[in-house]
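This report refers to the structure that appears directly beneath it.
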Amino acid sequence: MPELPEVETTVRGLAGFLEGEVIARARVHRPDLRRPFPPDLVQVLTGAKVTLLGRRAKYGLIHLDREQVMIFHLGMSGRWRIDPEYIGKHDHLVLETGAGHVLALNDARRFGSVDLVASEALEDFAPFAAMGPEPLGPDFTPAYLKRALAGKIPAIKLALLDQRIVAGLGNIYVCEALHRARIRPDRAAGRVSLPRLKLLVPAIRDVLTESIEAGGSSMRDYARPDGELGYFAAHWRVYGREGQPCHCGGTVERFVQGGRSTFWCPKCQR
Ligand SMILES: [Zn+2]
């Protein structure tokens, strides 16, 4: 499932083919993904110039010179294919640039989405309206987090997965960041001290940045026919490592929080 780093890597990969380019042709091969495509999608995209690629949480943003932004979400299985050898049945939206590149939004399980929003109303887009700051942005600081978590009884792990507190963090990255900051995942969010939050914020940034860089190092794959943007292997310290040793000499354990697996080390996380 594409997480924030995969979306960021995807956006950077797409930028090389789309920024400053005109979309010469746009086609949709079915009426919907998780929800219907905008009825004017093909009309708005065709002939539009792409001014900028961006990301908000796990959404990719394609800014057009028509005061509109195409917002895509990759859902569970979405990916963009660059210059594929053939257009397959899961390539639901296909763009052709003025330079002749073909970009196909492929989504076998169709949990993804595509929306068009007026540029000036981007922050009002429903999923963005109540969203907290970007974890890699300037507003995500230990002081902010201290305020946002004040008095909160739920576990810090669950608070960090709450999109209203910080945008776009997934289960893997929260497990890894809590381990790096040596914070128990089940500690009440409001009881994590400011000194610990001063470790946690950079830990979150580091885990995300390292994954983005790992994805970036496989950027050469983007030029490959049938290349798939945005998936890469990562080496986790606790995630998926139940029963294996932690670098501190402890043993990684697993329990379920909010319906999802938490991996942690009881020896070094307090
Ligand atoms: Zn440990």
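Residues in the structure tokens are named by chain (A, B, ... in the order shown) and by number from 1 within that chain; ligands are numbered from 1 in the order shown.
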
Within 7 Å of ligand 1 (only C-alpha atoms and all ligand atoms), residues as a ChimeraX atom specification: /A:246-251,265-269

Near A:Leu14, counting only C-alpha atoms, which residues have an atom at most 12 Å away, once you skip same-chain residues fewer than 2 positions from it, shown as a PyMOL selection string? chain A and resi 7-12+16-21+50+52-55+60-62+79-83+95+97+101-105+219+222-223+227-230

Write the residues of the selection above to a file with N, CA and C atoms, as a tab-separated table (two decimals), in the first residue's frame.
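So the final result, stored in out.tsv, reads:
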```tsv
chain	number	residue	atom	x	y	z
A	7	VAL	N	4.35	8.06	-2.29
A	7	VAL	CA	3.62	9.10	-3.03
A	7	VAL	C	4.60	10.23	-3.39
A	8	GLU	N	5.46	10.60	-2.45
A	8	GLU	CA	6.44	11.65	-2.73
A	8	GLU	C	7.37	11.23	-3.88
A	9	THR	N	7.82	9.98	-3.84
A	9	THR	CA	8.70	9.49	-4.89
A	9	THR	C	7.97	9.46	-6.24
A	10	THR	N	6.70	9.06	-6.19
A	10	THR	CA	5.89	9.05	-7.41
A	10	THR	C	5.76	10.45	-7.99
A	11	VAL	N	5.48	11.42	-7.10
A	11	VAL	CA	5.30	12.81	-7.55
A	11	VAL	C	6.60	13.33	-8.18
A	12	ARG	N	7.73	13.03	-7.54
A	12	ARG	CA	9.02	13.48	-8.10
A	12	ARG	C	9.30	12.83	-9.44
A	16	GLY	N	9.25	14.91	-13.65
A	16	GLY	CA	10.21	14.92	-14.76
A	16	GLY	C	9.54	14.78	-16.12
A	17	PHE	N	8.35	14.19	-16.13
A	17	PHE	CA	7.64	13.99	-17.40
A	17	PHE	C	6.52	15.01	-17.62
A	18	LEU	N	6.07	15.65	-16.54
A	18	LEU	CA	4.86	16.48	-16.66
A	18	LEU	C	5.10	17.99	-16.47
A	19	GLU	N	6.01	18.35	-15.58
A	19	GLU	CA	6.14	19.79	-15.28
A	19	GLU	C	6.56	20.56	-16.52
A	20	GLY	N	5.79	21.60	-16.82
A	20	GLY	CA	6.06	22.43	-18.00
A	20	GLY	C	5.56	21.83	-19.30
A	21	GLU	N	4.97	20.63	-19.22
A	21	GLU	CA	4.49	19.95	-20.43
A	21	GLU	C	2.99	20.18	-20.63
A	50	VAL	N	0.85	21.59	-17.51
A	50	VAL	CA	1.12	21.27	-16.10
A	50	VAL	C	2.13	22.27	-15.56
A	52	LEU	N	2.97	22.55	-12.07
A	52	LEU	CA	3.70	22.10	-10.88
A	52	LEU	C	3.14	20.77	-10.40
A	53	LEU	N	4.02	19.91	-9.89
A	53	LEU	CA	3.59	18.70	-9.21
A	53	LEU	C	3.79	18.91	-7.71
A	54	GLY	N	2.88	18.39	-6.90
A	54	GLY	CA	3.02	18.54	-5.46
A	54	GLY	C	2.40	17.38	-4.73
A	55	ARG	N	2.43	17.44	-3.42
A	55	ARG	CA	1.87	16.38	-2.59
A	55	ARG	C	1.28	16.99	-1.32
A	60	GLY	N	-1.35	13.06	-4.41
A	60	GLY	CA	-0.51	13.74	-5.40
A	60	GLY	C	-1.30	14.86	-6.03
A	61	LEU	N	-0.63	15.99	-6.30
A	61	LEU	CA	-1.29	17.17	-6.85
A	61	LEU	C	-0.66	17.52	-8.19
A	62	ILE	N	-1.48	17.57	-9.22
A	62	ILE	CA	-1.01	18.00	-10.54
A	62	ILE	C	-1.68	19.35	-10.83
A	79	ARG	N	-0.63	3.00	-8.97
A	79	ARG	CA	0.73	3.34	-9.38
A	79	ARG	C	0.64	4.01	-10.74
A	80	TRP	N	1.63	4.80	-11.06
A	80	TRP	CA	1.71	5.39	-12.39
A	80	TRP	C	2.72	4.59	-13.20
A	81	ARG	N	2.36	4.26	-14.43
A	81	ARG	CA	3.28	3.58	-15.34
A	81	ARG	C	3.72	4.59	-16.40
A	82	ILE	N	5.02	4.62	-16.63
A	82	ILE	CA	5.59	5.57	-17.59
A	82	ILE	C	5.92	4.83	-18.89
A	83	ASP	N	5.43	5.35	-19.99
A	83	ASP	CA	5.69	4.77	-21.31
A	83	ASP	C	5.54	3.24	-21.31
A	95	LEU	N	-2.57	9.55	-19.84
A	95	LEU	CA	-2.22	10.88	-20.31
A	95	LEU	C	-1.09	10.75	-21.33
A	97	THR	N	1.73	13.25	-23.21
A	97	THR	CA	2.26	14.61	-23.17
A	97	THR	C	2.62	15.08	-24.57
A	101	HIS	N	5.36	11.34	-24.23
A	101	HIS	CA	5.37	10.33	-23.17
A	101	HIS	C	3.95	9.94	-22.80
A	102	VAL	N	3.79	8.67	-22.43
A	102	VAL	CA	2.50	8.14	-22.02
A	102	VAL	C	2.58	7.81	-20.53
A	103	LEU	N	1.64	8.34	-19.76
A	103	LEU	CA	1.60	8.14	-18.31
A	103	LEU	C	0.26	7.50	-17.97
A	104	ALA	N	0.31	6.32	-17.39
A	104	ALA	CA	-0.93	5.58	-17.13
A	104	ALA	C	-1.13	5.38	-15.63
A	105	LEU	N	-2.28	5.81	-15.14
A	105	LEU	CA	-2.64	5.56	-13.74
A	105	LEU	C	-3.29	4.19	-13.66
A	219	MET	N	15.26	5.67	-8.98
A	219	MET	CA	14.62	6.52	-10.00
A	219	MET	C	14.93	6.07	-11.42
A	222	TYR	N	12.39	4.50	-13.49
A	222	TYR	CA	11.28	5.25	-14.07
A	222	TYR	C	11.34	5.29	-15.59
A	223	ALA	N	12.55	5.21	-16.11
A	223	ALA	CA	12.71	5.31	-17.56
A	223	ALA	C	12.46	3.96	-18.23
A	227	GLY	N	7.85	0.67	-16.45
A	227	GLY	CA	8.35	1.03	-15.13
A	227	GLY	C	7.20	1.39	-14.21
A	228	GLU	N	7.30	1.01	-12.98
A	228	GLU	CA	6.27	1.33	-12.01
A	228	GLU	C	6.87	2.29	-11.00
A	229	LEU	N	6.21	3.42	-10.86
A	229	LEU	CA	6.71	4.43	-9.93
A	229	LEU	C	6.39	4.06	-8.49
A	230	GLY	N	7.32	4.31	-7.62
A	230	GLY	CA	6.96	4.47	-6.22
A	230	GLY	C	7.05	3.26	-5.31
```

Please give the complete set of residues from stretch 26-269 of chain A that DSSP, run on the backbone, assigns to strand (DSSP E or B), formatted as a ChimeraX atom specification. /A:26-28,32,36,49-56,59-64,68-73,78-82,91-97,102-107,113-118,155,188,227-228,245,251,253-257,260-264

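For the pair atom CA of A:Val192 and atom CA of A:Pro5, the interatomic distance is 25.9 Å.
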
Find the residues around A:Leu64 up to 6 Å (only C-alpha atoms counted), leave out those fewer than 5 positions away in its own chain, and share them as a ChimeraX atom specification. /A:49-51,69

What's the 12 Å shell around A:Pro36, counting only C-alpha atoms, without same-chain residues fewer than 6 positions away, as JSON, numbers by chain? {"A": [28, 29, 30, 92, 110, 111, 112, 113, 114, 115, 116]}

Name the residues in contact with A:Leu199 at a cut-off of 12 Å, using only C-alpha atoms, excluding same-chain residues fewer than 5 positions from it; report them as a ChimeraX atom specification. /A:141-143,145,177-183,192-194,204-206
